[in-house]
file protein.txt (compact mmCIF, C-alpha atoms and all ligand atoms)
# COMPACT_ATOMS: atom_id res chain seq x y z
CA MET Y 727 118.72 92.06 -128.97
CA LYS Y 728 118.30 91.56 -125.26
CA ARG Y 729 115.04 89.96 -124.14
CA GLU Y 730 113.36 90.01 -120.74
CA GLU Y 731 111.16 87.14 -119.54
CA LEU Y 732 107.41 87.68 -119.59
CA ILE Y 733 104.81 85.59 -117.80
CA LEU Y 734 101.34 85.17 -119.29
CA ALA Y 735 98.74 85.08 -116.50
CA CYS Y 736 95.85 83.25 -118.12
CA THR Y 737 92.52 81.52 -117.91
CA SER Y 738 91.11 78.62 -119.92
CA ASP Y 739 87.84 80.32 -120.82
CA ILE Y 740 84.42 79.10 -121.86
CA ALA Y 741 85.55 79.16 -125.50
CA GLY Y 742 88.19 76.61 -124.45
CA LYS Y 743 90.86 79.17 -125.37
CA VAL Y 744 93.73 80.14 -123.10
CA ARG Y 745 93.70 83.91 -122.80
CA GLY Y 746 95.38 86.37 -120.49
CA LYS Y 747 97.80 89.23 -120.11
CA SER Y 748 101.52 89.10 -119.56
CA PHE Y 749 103.81 90.92 -117.14
CA PRO Y 750 107.61 90.99 -116.66
CA ALA Y 751 108.70 87.97 -114.61
CA VAL Y 752 110.40 90.24 -112.05
CA GLN Y 753 106.91 91.37 -110.96
CA LEU Y 754 105.82 87.85 -110.06
CA GLU Y 755 105.55 88.36 -106.27
CA LYS Y 756 103.34 91.38 -106.76
CA ARG Y 757 101.17 89.71 -109.39
CA LEU Y 758 100.64 86.58 -107.28
CA ASN Y 759 98.89 88.82 -104.75
CA ARG Y 760 97.36 91.49 -106.86
CA GLY Y 761 96.82 89.78 -110.18
CA ILE Y 762 96.31 91.61 -113.42
CA GLY Y 763 93.22 93.54 -114.52
CA TRP Y 764 90.52 91.61 -116.38
CA THR Y 765 87.14 92.52 -117.88
CA PRO Y 766 83.84 90.59 -117.42
CA THR Y 767 82.89 90.89 -121.08
CA ASN Y 768 86.04 88.95 -122.07
CA VAL Y 769 84.05 85.82 -121.19
CA GLN Y 770 81.95 86.44 -124.30
CA ILE Y 771 84.92 86.52 -126.70
CA THR Y 772 84.22 83.44 -128.82
CA CYS Y 773 86.88 81.17 -130.27
CA PHE Y 774 86.65 83.31 -133.43
CA ASP Y 775 87.30 86.52 -131.45
CA ASN Y 776 83.90 88.11 -132.03
CA ILE Y 777 82.12 89.24 -128.87
CA ALA Y 778 78.82 87.44 -128.34
CA GLU Y 779 75.88 89.16 -126.64
CA THR Y 780 77.11 90.20 -123.22
CA PRO Y 781 75.19 91.06 -120.06
CA PHE Y 782 78.18 93.06 -118.80
CA GLY Y 783 78.75 95.52 -121.62
CA SER Y 784 81.60 97.85 -120.79
CA PHE Y 785 81.04 97.57 -117.03
CA GLY Y 786 82.95 95.94 -114.22
CA ASP Y 787 86.47 95.16 -113.13
CA LEU Y 788 87.98 91.83 -112.26
CA VAL Y 789 91.46 90.52 -111.54
CA LEU Y 790 93.14 87.45 -112.96
CA ILE Y 791 95.39 86.06 -110.23
CA PRO Y 792 98.07 83.64 -111.44
CA ASP Y 793 98.50 80.40 -109.52
CA ALA Y 794 102.17 79.37 -109.42
CA SER Y 795 101.13 75.72 -108.94
CA ALA Y 796 99.66 75.76 -112.44
CA THR Y 797 102.67 76.97 -114.41
CA MET Y 798 103.79 75.92 -117.85
CA ARG Y 799 107.44 76.58 -118.64
CA LEU Y 800 108.95 75.75 -122.01
CA PRO Y 801 112.63 76.46 -122.62
CA ASP Y 802 113.69 78.39 -125.70
CA GLU Y 803 117.09 78.48 -127.38
CA ASP Y 804 119.10 81.58 -126.34
CA ALA Y 805 115.96 83.30 -125.09
CA PRO Y 806 113.86 83.46 -121.93
CA ASP Y 807 111.61 80.49 -121.24
CA GLU Y 808 108.02 80.67 -122.47
CA VAL Y 809 105.96 80.89 -119.26
CA LEU Y 810 102.21 80.62 -118.78
CA MET Y 811 100.54 80.69 -115.38
CA LEU Y 812 96.92 79.60 -115.15
CA GLY Y 813 94.91 81.53 -112.65
CA ASP Y 814 91.64 82.44 -111.01
CA ILE Y 815 89.41 85.32 -111.97
CA ARG Y 816 88.22 87.24 -108.92
CA TYR Y 817 86.35 90.42 -108.10
CA THR Y 818 88.66 93.23 -107.05
CA ASP Y 819 87.77 92.47 -103.39
CA GLY Y 820 89.14 88.94 -103.82
CA LYS Y 821 85.81 87.11 -104.03
CA PRO Y 822 85.80 84.40 -106.73
CA TRP Y 823 84.12 85.50 -109.97
CA GLU Y 824 81.32 83.00 -110.50
CA PHE Y 825 81.99 82.57 -114.25
CA CYS Y 826 85.69 81.73 -113.84
CA THR Y 827 86.00 78.17 -115.17
CA ARG Y 828 88.29 77.21 -112.28
CA ALA Y 829 85.74 78.54 -109.77
CA ILE Y 830 83.07 76.44 -111.51
CA LEU Y 831 85.20 73.29 -111.20
CA ARG Y 832 86.10 74.12 -107.57
CA ASP Y 833 82.37 74.27 -106.73
CA ALA Y 834 81.76 70.92 -108.42
CA LEU Y 835 84.63 69.24 -106.53
CA ALA Y 836 83.36 70.70 -103.24
CA ARG Y 837 79.91 69.26 -103.98
CA LEU Y 838 81.40 65.81 -104.60
CA LYS Y 839 83.24 66.04 -101.26
CA ARG Y 840 79.99 67.07 -99.53
CA VAL Y 841 77.94 64.23 -100.92
CA SER Y 842 80.52 61.47 -100.67
CA ALA Y 843 83.89 62.63 -99.23
CA LEU Y 844 85.42 61.40 -102.50
CA THR Y 845 88.45 62.80 -104.25
CA LEU Y 846 88.66 62.70 -108.02
CA ASN Y 847 91.62 60.93 -109.58
CA GLY Y 848 91.93 61.34 -113.30
CA THR Y 849 93.65 62.33 -116.49
CA PHE Y 850 92.80 63.66 -119.94
CA GLU Y 851 93.87 61.58 -122.94
CA HIS Y 852 94.31 63.82 -125.96
CA GLU Y 853 94.49 63.37 -129.70
CA PHE Y 854 95.79 66.08 -132.00
CA GLN Y 855 97.05 66.48 -135.54
CA ILE Y 856 99.95 68.24 -137.16
CA ARG Y 857 98.62 70.60 -139.80
CA HIS Y 858 100.02 71.13 -143.30
CA GLU Y 859 101.90 67.88 -143.07
CA GLU Y 860 102.40 65.75 -146.12
CA VAL Y 861 100.91 62.45 -145.12
CA GLN Y 862 103.19 59.46 -145.30
CA PRO Y 863 101.08 56.47 -146.25
CA GLY Y 864 101.34 53.48 -143.95
CA SER Y 865 102.59 55.38 -140.93
CA ALA Y 866 99.71 54.89 -138.44
CA PHE Y 867 101.20 53.26 -135.31
CA SER Y 868 104.23 52.33 -137.42
CA SER Y 869 107.95 52.29 -136.75
CA SER Y 870 108.41 54.72 -139.66
CA GLY Y 871 105.89 57.10 -138.08
CA PHE Y 872 107.69 56.73 -134.77
CA ARG Y 873 111.07 57.42 -136.40
CA GLN Y 874 109.81 60.43 -138.33
CA TRP Y 875 108.32 62.02 -135.21
CA ARG Y 876 110.68 60.72 -132.51
CA ALA Y 877 112.45 64.05 -131.92
CA PHE Y 878 109.11 65.82 -131.58
CA GLY Y 879 107.76 63.11 -129.26
CA GLU Y 880 110.88 63.02 -127.12
CA THR Y 881 110.88 66.80 -126.78
CA LEU Y 882 107.23 66.77 -125.77
CA ILE Y 883 107.77 63.99 -123.22
CA ALA Y 884 110.72 65.85 -121.67
CA ALA Y 885 108.72 69.07 -121.55
CA MET Y 886 105.83 67.30 -119.84
CA ARG Y 887 108.11 65.79 -117.22
CA ALA Y 888 109.85 69.13 -116.62
CA ASN Y 889 106.38 70.58 -115.97
CA GLY Y 890 105.45 67.99 -113.35
CA ILE Y 891 103.27 65.97 -115.72
CA ALA Y 892 104.13 62.26 -115.68
CA PRO Y 893 104.04 61.13 -119.32
CA ASP Y 894 102.45 57.76 -120.00
CA THR Y 895 102.42 57.10 -123.77
CA PHE Y 896 103.00 58.95 -127.04
CA LEU Y 897 101.81 57.42 -130.25
CA ARG Y 898 101.36 58.09 -133.91
CA GLU Y 899 97.59 57.59 -134.03
CA PHE Y 900 95.52 56.30 -136.88
CA GLY Y 901 94.55 59.56 -138.65
CA PRO Y 902 96.79 61.58 -141.01
CA GLY Y 903 99.45 63.35 -138.96
CA GLN Y 904 97.52 62.34 -135.82
CA PHE Y 905 99.04 61.70 -132.40
CA GLU Y 906 97.79 60.61 -129.03
CA VAL Y 907 99.45 61.51 -125.77
CA THR Y 908 98.54 60.20 -122.34
CA MET Y 909 99.72 61.06 -118.86
CA ASP Y 910 99.42 59.63 -115.36
CA PRO Y 911 96.45 60.68 -113.25
CA SER Y 912 96.47 63.58 -110.87
CA ARG Y 913 93.85 64.81 -108.41
CA ASP Y 914 90.96 67.29 -108.42
CA MET Y 915 91.85 70.73 -109.89
CA ALA Y 916 95.28 69.55 -111.07
CA ILE Y 917 93.60 67.13 -113.53
CA ALA Y 918 92.24 70.06 -115.53
CA ASP Y 919 95.31 72.25 -114.97
CA GLN Y 920 97.48 69.51 -116.46
CA ALA Y 921 95.16 69.06 -119.43
CA VAL Y 922 95.42 72.76 -120.27
CA ILE Y 923 99.19 72.74 -119.81
CA LEU Y 924 99.55 69.64 -121.98
CA ARG Y 925 97.68 71.34 -124.85
CA GLU Y 926 99.89 74.40 -124.54
CA LEU Y 927 103.02 72.24 -124.48
CA VAL Y 928 101.93 70.47 -127.66
CA HIS Y 929 101.38 73.80 -129.42
CA GLY Y 930 104.65 75.19 -128.03
CA VAL Y 931 106.78 72.17 -128.90
CA ALA Y 932 105.21 71.91 -132.38
CA ALA Y 933 106.09 75.57 -132.97
CA ARG Y 934 109.71 74.82 -132.00
CA PHE Y 935 109.69 72.26 -134.83
CA ASP Y 936 108.14 74.82 -137.19
CA LYS Y 937 104.88 72.89 -137.24
CA GLY Y 938 101.33 73.80 -136.34
CA ALA Y 939 99.32 71.44 -134.14
CA THR Y 940 95.54 71.35 -133.96
CA PHE Y 941 93.20 69.77 -131.42
CA VAL Y 942 90.17 70.53 -133.61
CA PRO Y 943 87.45 67.92 -132.93
CA ILE Y 944 87.47 66.88 -136.58
CA ARG Y 945 89.12 68.19 -139.75
CA GLY Y 946 86.33 67.37 -142.18
CA PRO Y 947 83.04 65.45 -142.34
CA ASP Y 948 84.83 62.27 -143.47
CA ALA Y 949 87.92 62.68 -141.29
CA VAL Y 950 89.07 60.86 -138.18
CA GLY Y 951 88.18 62.79 -135.02
CA ASN Y 952 90.49 64.16 -132.38
CA GLY Y 953 88.98 62.94 -129.15
CA VAL Y 954 89.48 63.87 -125.55
CA HIS Y 955 88.88 60.90 -123.26
CA VAL Y 956 88.60 61.72 -119.58
CA HIS Y 957 89.79 58.86 -117.38
CA ILE Y 958 88.28 58.88 -113.91
CA SER Y 959 88.56 56.93 -110.69
CA LEU Y 960 87.58 57.79 -107.14
CA ILE Y 961 89.60 57.90 -103.93
CA ASP Y 962 87.98 57.62 -100.50
CA ALA Y 963 88.66 59.81 -97.48
CA ASP Y 964 91.45 57.45 -96.31
CA GLY Y 965 93.21 57.69 -99.65
CA ASN Y 966 92.17 54.23 -100.82
CA PRO Y 967 90.90 53.39 -104.32
CA ALA Y 968 87.10 53.51 -104.25
CA THR Y 969 86.01 52.64 -107.79
CA HIS Y 970 86.21 48.85 -107.72
CA ASP Y 971 84.02 46.32 -105.95
CA ALA Y 972 84.36 42.72 -107.11
CA ASP Y 973 80.70 42.14 -106.16
CA GLY Y 974 79.33 45.37 -107.65
CA LYS Y 975 77.48 45.51 -110.96
CA HIS Y 976 80.13 45.60 -113.69
CA GLU Y 977 82.59 45.55 -110.73
CA LEU Y 978 81.78 49.19 -109.94
CA SER Y 979 81.62 50.27 -106.31
CA LEU Y 980 78.34 51.74 -105.10
CA HIS Y 981 79.52 55.35 -105.45
CA ALA Y 982 81.36 54.78 -108.73
CA GLY Y 983 78.26 53.11 -110.18
CA GLN Y 984 76.04 55.99 -109.10
CA PHE Y 985 78.61 58.45 -110.48
CA VAL Y 986 78.58 56.74 -113.88
CA ALA Y 987 74.78 56.50 -113.83
CA GLY Y 988 74.59 60.25 -113.19
CA ILE Y 989 76.84 60.96 -116.17
CA LEU Y 990 74.71 58.80 -118.46
CA LYS Y 991 71.38 60.14 -117.17
CA TYR Y 992 72.32 63.79 -117.73
CA LEU Y 993 74.72 63.41 -120.65
CA ASP Y 994 72.45 64.70 -123.40
CA ALA Y 995 71.78 67.81 -121.31
CA PHE Y 996 75.46 68.65 -120.79
CA THR Y 997 76.89 67.54 -124.15
CA ALA Y 998 76.87 71.24 -125.11
CA LEU Y 999 79.64 71.71 -122.53
CA THR Y 1000 81.85 68.74 -123.40
CA ALA Y 1001 81.40 68.86 -127.19
CA PRO Y 1002 80.97 72.60 -127.54
CA SER Y 1003 81.78 73.48 -131.15
CA VAL Y 1004 79.66 73.30 -134.29
CA VAL Y 1005 81.97 70.62 -135.72
CA SER Y 1006 82.03 68.56 -132.50
CA TYR Y 1007 78.82 66.99 -133.82
CA LEU Y 1008 80.52 65.67 -136.94
CA ARG Y 1009 82.68 63.64 -134.55
CA LEU Y 1010 79.89 62.44 -132.24
CA THR Y 1011 78.43 60.09 -134.84
CA PRO Y 1012 78.37 56.27 -134.92
CA HIS Y 1013 81.39 54.31 -136.18
CA ARG Y 1014 84.00 56.94 -135.41
CA TRP Y 1015 85.14 55.44 -132.14
CA SER Y 1016 83.83 58.49 -130.32
CA ALA Y 1017 80.35 58.35 -128.72
CA ALA Y 1018 76.85 58.73 -130.11
CA PHE Y 1019 74.58 57.37 -127.35
CA ASN Y 1020 74.41 57.67 -123.57
CA ASN Y 1021 75.63 54.13 -123.02
CA LEU Y 1022 78.04 52.27 -120.79
CA GLY Y 1023 80.44 49.79 -122.38
CA PHE Y 1024 83.33 47.47 -121.52
CA ARG Y 1025 85.21 46.68 -124.65
CA ASP Y 1026 83.36 49.17 -126.76
CA ARG Y 1027 85.26 52.24 -127.92
CA GLU Y 1028 82.01 53.84 -129.02
CA ALA Y 1029 80.42 53.91 -125.58
CA SER Y 1030 80.16 57.33 -123.91
CA VAL Y 1031 81.47 55.79 -120.73
CA ARG Y 1032 83.78 52.84 -121.11
CA ILE Y 1033 85.01 50.71 -118.23
CA CYS Y 1034 88.70 50.40 -119.10
CA PRO Y 1035 90.51 47.07 -119.10
CA VAL Y 1036 92.66 46.12 -116.13
CA SER Y 1037 95.87 44.20 -116.70
CA ASP Y 1038 97.15 43.98 -113.13
CA ILE Y 1039 95.69 40.93 -111.48
CA SER Y 1040 96.42 41.18 -107.76
CA ASP Y 1041 93.35 42.46 -105.87
CA LEU Y 1042 95.00 45.67 -104.72
CA ALA Y 1043 96.53 46.47 -108.12
CA ARG Y 1044 93.17 45.78 -109.74
CA ALA Y 1045 91.42 48.17 -107.37
CA ARG Y 1046 94.01 50.85 -108.13
CA GLN Y 1047 93.92 50.42 -111.89
CA PHE Y 1048 90.16 50.02 -112.23
CA HIS Y 1049 88.57 53.11 -113.75
CA PHE Y 1050 86.26 54.36 -116.47
CA GLU Y 1051 86.67 56.87 -119.28
CA PHE Y 1052 84.29 59.46 -120.69
CA ARG Y 1053 84.61 59.68 -124.49
CA ALA Y 1054 82.09 62.36 -125.54
CA ALA Y 1055 84.47 65.29 -125.03
CA ASP Y 1056 86.79 67.23 -127.29
CA ALA Y 1057 89.40 69.93 -126.96
CA ALA Y 1058 87.15 72.80 -128.06
CA ALA Y 1059 85.99 72.61 -124.44
CA SER Y 1060 87.82 73.99 -121.47
CA PRO Y 1061 88.96 71.01 -119.36
CA TYR Y 1062 87.59 72.83 -116.29
CA LEU Y 1063 84.07 72.87 -117.72
CA VAL Y 1064 84.26 69.27 -118.95
CA LEU Y 1065 85.36 68.09 -115.53
CA ALA Y 1066 82.86 70.30 -113.70
CA ALA Y 1067 80.00 68.83 -115.77
CA LEU Y 1068 81.19 65.26 -115.13
CA VAL Y 1069 81.67 65.82 -111.39
CA HIS Y 1070 78.28 67.47 -110.98
CA ALA Y 1071 76.62 64.68 -112.96
CA GLY Y 1072 78.44 62.11 -110.81
CA ALA Y 1073 77.51 63.87 -107.56
CA GLN Y 1074 73.92 64.12 -108.79
CA GLY Y 1075 73.93 60.37 -109.48
CA ILE Y 1076 75.17 59.74 -105.92
CA GLU Y 1077 72.56 62.09 -104.42
CA GLU Y 1078 69.77 60.45 -106.39
CA GLY Y 1079 71.08 56.96 -105.54
CA LEU Y 1080 70.85 55.94 -109.20
CA SER Y 1081 71.42 52.35 -110.20
CA VAL Y 1082 74.04 51.31 -112.72
CA PRO Y 1083 72.65 50.74 -116.20
CA ASP Y 1084 73.45 47.54 -118.09
CA ALA Y 1085 76.54 47.78 -120.25
CA THR Y 1086 75.62 47.57 -123.93
CA GLN Y 1087 77.13 44.79 -126.04
CA GLN Y 1088 75.69 45.76 -129.40
CA ASP Y 1089 75.85 48.52 -132.00
CA LEU Y 1090 73.06 50.86 -130.88
CA SER Y 1091 73.07 52.66 -134.24
CA LEU Y 1092 71.50 49.55 -135.80
CA LEU Y 1093 68.42 49.67 -133.55
CA SER Y 1094 65.11 51.13 -134.68
CA PRO Y 1095 64.03 54.24 -132.75
CA GLN Y 1096 61.51 52.06 -130.85
CA ASP Y 1097 64.10 49.45 -129.91
CA LEU Y 1098 66.56 52.18 -128.92
CA ALA Y 1099 63.96 53.75 -126.63
CA ALA Y 1100 63.11 50.32 -125.21
CA SER Y 1101 66.82 49.78 -124.45
CA GLY Y 1102 66.73 52.89 -122.25
CA HIS Y 1103 69.28 54.79 -124.34
CA THR Y 1104 69.10 58.06 -126.22
CA ARG Y 1105 71.02 59.38 -129.18
CA LEU Y 1106 73.18 62.31 -128.09
CA PRO Y 1107 72.35 65.72 -129.60
CA GLN Y 1108 73.29 65.88 -133.26
CA SER Y 1109 74.13 69.56 -133.54
CA LEU Y 1110 75.39 72.28 -131.24
CA GLU Y 1111 72.08 74.05 -131.67
CA GLN Y 1112 70.17 71.00 -130.48
CA ALA Y 1113 72.63 70.40 -127.63
CA LEU Y 1114 72.17 73.97 -126.42
CA LYS Y 1115 68.37 73.57 -126.46
CA VAL Y 1116 68.51 70.44 -124.29
CA PHE Y 1117 71.07 72.11 -122.01
CA ALA Y 1118 68.99 75.28 -121.55
CA ALA Y 1119 65.83 73.26 -120.89
CA ASN Y 1120 67.26 71.06 -118.12
CA GLU Y 1121 66.72 72.75 -114.76
CA THR Y 1122 68.73 70.19 -112.82
CA VAL Y 1123 71.79 70.78 -114.98
CA ALA Y 1124 71.28 74.56 -114.91
CA GLY Y 1125 71.23 74.30 -111.11
CA TRP Y 1126 74.76 72.87 -111.07
CA PHE Y 1127 76.15 76.15 -112.34
CA PRO Y 1128 76.07 79.71 -111.03
CA GLU Y 1129 72.95 81.76 -111.59
CA GLY Y 1130 73.01 83.16 -115.12
CA PHE Y 1131 75.62 80.72 -116.46
CA THR Y 1132 73.29 78.80 -118.78
CA ASP Y 1133 72.10 82.00 -120.42
CA LEU Y 1134 75.65 83.35 -120.72
CA TYR Y 1135 76.90 80.11 -122.25
CA VAL Y 1136 74.04 79.83 -124.75
CA LYS Y 1137 74.58 83.45 -125.87
CA HIS Y 1138 78.31 82.84 -126.18
CA LYS Y 1139 77.75 79.80 -128.36
CA GLN Y 1140 75.12 81.59 -130.47
CA GLY Y 1141 77.72 84.26 -131.18
CA GLU Y 1142 80.18 81.55 -132.19
CA MET Y 1143 77.67 79.70 -134.38
CA ALA Y 1144 76.82 82.91 -136.25
CA MET Y 1145 80.44 83.11 -137.44
CA VAL Y 1146 80.25 79.80 -139.32
CA ALA Y 1147 76.52 79.52 -140.02
CA ASP Y 1148 76.82 80.12 -143.76
CA LEU Y 1149 79.78 77.81 -144.34
CA GLU Y 1150 79.89 74.27 -145.64
CA PRO Y 1151 80.94 71.67 -143.03
CA ILE Y 1152 84.44 71.29 -144.51
CA GLU Y 1153 84.95 75.05 -144.33
CA GLN Y 1154 83.60 75.11 -140.76
CA CYS Y 1155 86.17 72.48 -139.84
CA ARG Y 1156 88.92 74.60 -141.39
CA ARG Y 1157 87.85 77.63 -139.38
CA TYR Y 1158 87.88 75.63 -136.15
CA GLU Y 1159 91.19 74.01 -137.07
CA GLU Y 1160 92.75 77.47 -137.13
CA VAL Y 1161 91.63 78.30 -133.58
CA TYR Y 1162 92.17 75.05 -131.69
N1 LIG I 1201 89.75 59.27 -132.60
C1 LIG I 1201 88.74 58.73 -131.72
C2 LIG I 1201 87.90 59.86 -131.11
O1 LIG I 1201 87.59 60.78 -131.82
C3 LIG I 1201 89.34 57.87 -130.61
C4 LIG I 1201 90.19 56.72 -131.05
C5 LIG I 1201 90.70 55.94 -129.85
O2 LIG I 1201 89.95 55.09 -129.32
O3 LIG I 1201 91.80 56.24 -129.38
O4 LIG I 1201 87.53 59.86 -129.96
MG MG I 1202 93.32 57.43 -129.58

call {"tool": "encode", "arguments": {"input": "protein.txt", "output": "structure tokens"}}
result
Amino acid sequence: MKREELILACTSDIAGKVRGKSFPAVQLEKRLNRGIGWTPTNVQITCFDNIAETPFGSFGDLVLIPDASATMRLPDEDAPDEVLMLGDIRYTDGKPWEFCTRAILRDALARLKRVSALTLNGTFEHEFQIRHEEVQPGSAFSSSGFRQWRAFGETLIAAMRANGIAPDTFLREFGPGQFEVTMDPSRDMAIADQAVILRELVHGVAARFDKGATFVPIRGPDAVGNGVHVHISLIDADGNPATHDADGKHELSLHAGQFVAGILKYLDAFTALTAPSVVSYLRLTPHRWSAAFNNLGFRDREASVRICPVSDISDLARARQFHFEFRAADAAASPYLVLAALVHAGAQGIEEGLSVPDATQQDLSLLSPQDLAASGHTRLPQSLEQALKVFAANETVAGWFPEGFTDLYVKHKQGEMAMVADLEPIEQCRRYEEVY
């Protein structure tokens, strides 16, 4: 049968899901101007598709306007391409809708520019797993794992490149059926756009191989987590790298140091945004190579913020390569919200002129509560419920977001939590695995 190309105009919403409505590709010109109708209450559709308490009820009209610069296109055999176009949610008069995740990130980036004239340079490193896969023992990082998955990896890499994403590495990670994929950095909004597109490409390419991929934070209480590590560096107004200073503490420039300090100071209050599912907190525990404390580290893959190693040794190359990564995020979160939280925290750190904390060189989980407190570190929230409490109570963090956002987000997450409240952790993981 004949098929006609559809384009899905979509948003990465506060459930971290990509949702939208499609239209025939021949209408693109019209839709780029006019968008497609959208409903405020959609923001309260949780990842499990129940509608959490909503302040909007059945009222209001919005438009979702696709942005052609954020397109994902995946070819299909003897059929139209699969096309997604990320977009902005606006009021019908064109004003940005304050709860659109892209609008939230745009505000954060504008604040960073106001306080420091800095541009964000960054990339999301993702881990994911292939579901229902018989696990071949001994295949982590191995040549056999590479051989078994080469066609999948090569297809994914080609699809990334065809979508304007510069692939960096693809590897058969440690966990069963687990992979990691990295890409070169991009700037500002495009960092989050590319993260969303990458996730969609992974799902799309896996489906072409008759497989199901999942980015679930963790597949069971004893499993290996699927992390999202956000790599960040800063660019000054002249386009020069602005993260490195050979004389700065831990070689961080003044602004980069303040940025990192802001992340660490406010981390426990915004963890609910970067690790937003019930099962995210099974991952954020010590000895999982994720993050459990608000600490800075160098060679420590359990630090929330890790200063990444630099292998180029000339001064200029070092300044370009020098960056840090944030490890307390997962793919249940919309990349726009993760980045918005990090940028606001960084801008806050610059505004407050915070000083860079000492990098930790020890396992903080071995400290007594007194020694931990004396070290100036805190354990990150240990459940979504706790994370939401700290989030709702922090007025500074609430002030980063539009009026009413904190309340909306907490209600959304309460609606989500209710869906898995009576389940055992393993069953909760299974439910989340189905939706991410
Ligand atoms: N799987 C780990 C996580 O949940 C990360 C492992 C790594 O360092 O790549 O974040
Ligand atoms: Mg990894």

call {"tool": "closest_residue", "arguments": {"input": "protein.txt", "among": "Y:Ala892, Y:Val956, Y:Ala963, Y:Ile1076", "to": "ligand LIG 1201 (chain I)", "atoms": "only C-alpha atoms and all ligand atoms"}}
result
Y:Val956

call {"tool": "closest_atom_pairs", "arguments": {"input": "protein.txt", "of": "chain Y", "to": "ligand MG 1202 (chain I)", "cutoff": "10 Å", "atoms": "all atoms listed in the file", "output": "JSON lines"}}
result
{"residue": "Y:Glu851", "atom": "CA", "partner": "I:MG1202", "partner_atom": "MG", "distance": 7.8}
{"residue": "Y:His852", "atom": "CA", "partner": "I:MG1202", "partner_atom": "MG", "distance": 7.4}
{"residue": "Y:Glu853", "atom": "CA", "partner": "I:MG1202", "partner_atom": "MG", "distance": 6.1}
{"residue": "Y:Phe854", "atom": "CA", "partner": "I:MG1202", "partner_atom": "MG", "distance": 9.3}
{"residue": "Y:Leu897", "atom": "CA", "partner": "I:MG1202", "partner_atom": "MG", "distance": 8.5}
{"residue": "Y:Arg898", "atom": "CA", "partner": "I:MG1202", "partner_atom": "MG", "distance": 9.2}
{"residue": "Y:Glu899", "atom": "CA", "partner": "I:MG1202", "partner_atom": "MG", "distance": 6.2}
{"residue": "Y:Phe900", "atom": "CA", "partner": "I:MG1202", "partner_atom": "MG", "distance": 7.7}
{"residue": "Y:Gly901", "atom": "CA", "partner": "I:MG1202", "partner_atom": "MG", "distance": 9.4}
{"residue": "Y:Gln904", "atom": "CA", "partner": "I:MG1202", "partner_atom": "MG", "distance": 9.0}
{"residue": "Y:Phe905", "atom": "CA", "partner": "I:MG1202", "partner_atom": "MG", "distance": 7.7}
{"residue": "Y:Glu906", "atom": "CA", "partner": "I:MG1202", "partner_atom": "MG", "distance": 5.5}
{"residue": "Y:Val907", "atom": "CA", "partner": "I:MG1202", "partner_atom": "MG", "distance": 8.3}
{"residue": "Y:Thr908", "atom": "CA", "partner": "I:MG1202", "partner_atom": "MG", "distance": 9.3}
{"residue": "Y:Gly951", "atom": "CA", "partner": "I:MG1202", "partner_atom": "MG", "distance": 9.2}
{"residue": "Y:Asn952", "atom": "CA", "partner": "I:MG1202", "partner_atom": "MG", "distance": 7.8}
{"residue": "Y:Gly953", "atom": "CA", "partner": "I:MG1202", "partner_atom": "MG", "distance": 7.0}
{"residue": "Y:Val954", "atom": "CA", "partner": "I:MG1202", "partner_atom": "MG", "distance": 8.5}
{"residue": "Y:His955", "atom": "CA", "partner": "I:MG1202", "partner_atom": "MG", "distance": 8.5}
{"residue": "Y:Trp1015", "atom": "CA", "partner": "I:MG1202", "partner_atom": "MG", "distance": 8.8}
{"residue": "Y:Ser1016", "atom": "CA", "partner": "I:MG1202", "partner_atom": "MG", "distance": 9.6}
{"residue": "Y:Arg1027", "atom": "CA", "partner": "I:MG1202", "partner_atom": "MG", "distance": 9.7}

call {"tool": "closest_residue", "arguments": {"input": "protein.txt", "among": "Y:Val809, Y:Ala1100, Y:Cys1034, Y:Ile791", "to": "Leu927 in chain Y", "atoms": "all atoms listed in the file"}}
result
Y:Val809

call {"tool": "closest_residue", "arguments": {"input": "protein.txt", "among": "Y:Ser1091, Y:Gln1108, Y:Gln855, Y:Thr737", "to": "ligand LIG 1201 (chain I)", "atoms": "all atoms listed in the file"}}
result
Y:Gln855

call {"tool": "closest_residue", "arguments": {"input": "protein.txt", "among": "Y:Met798, Y:Ala1055, Y:Ile917, Y:Ile830", "to": "Met886 in chain Y", "atoms": "only C-alpha atoms"}}
result
Y:Met798

call {"tool": "residues_around", "arguments": {"input": "protein.txt", "residues": "Gly1125 in chain Y", "least_positions_apart": "4", "cutoff": "12 Å", "atoms": "all atoms listed in the file", "output": "PyMOL selection string"}}
result
chain Y and resi 833-834+996+1067+1070-1071+1074+1117-1121+1129-1132

call {"tool": "residues_around", "arguments": {"input": "protein.txt", "residues": "Leu960 in chain Y", "least_positions_apart": "6", "cutoff": "8 Å", "atoms": "only C-alpha atoms", "output": "list of chain:residue names"}}
result
Y:Leu844, Y:Thr845, Y:Leu846, Y:Asn847, Y:Pro967, Y:Ala968, Y:Thr969, Y:Ala982

call {"tool": "closest_residue", "arguments": {"input": "protein.txt", "among": "Y:Ser1006, Y:Thr772, Y:Thr780, Y:Asn759", "to": "ligand LIG 1201 (chain I)", "atoms": "only C-alpha atoms and all ligand atoms"}}
result
Y:Ser1006
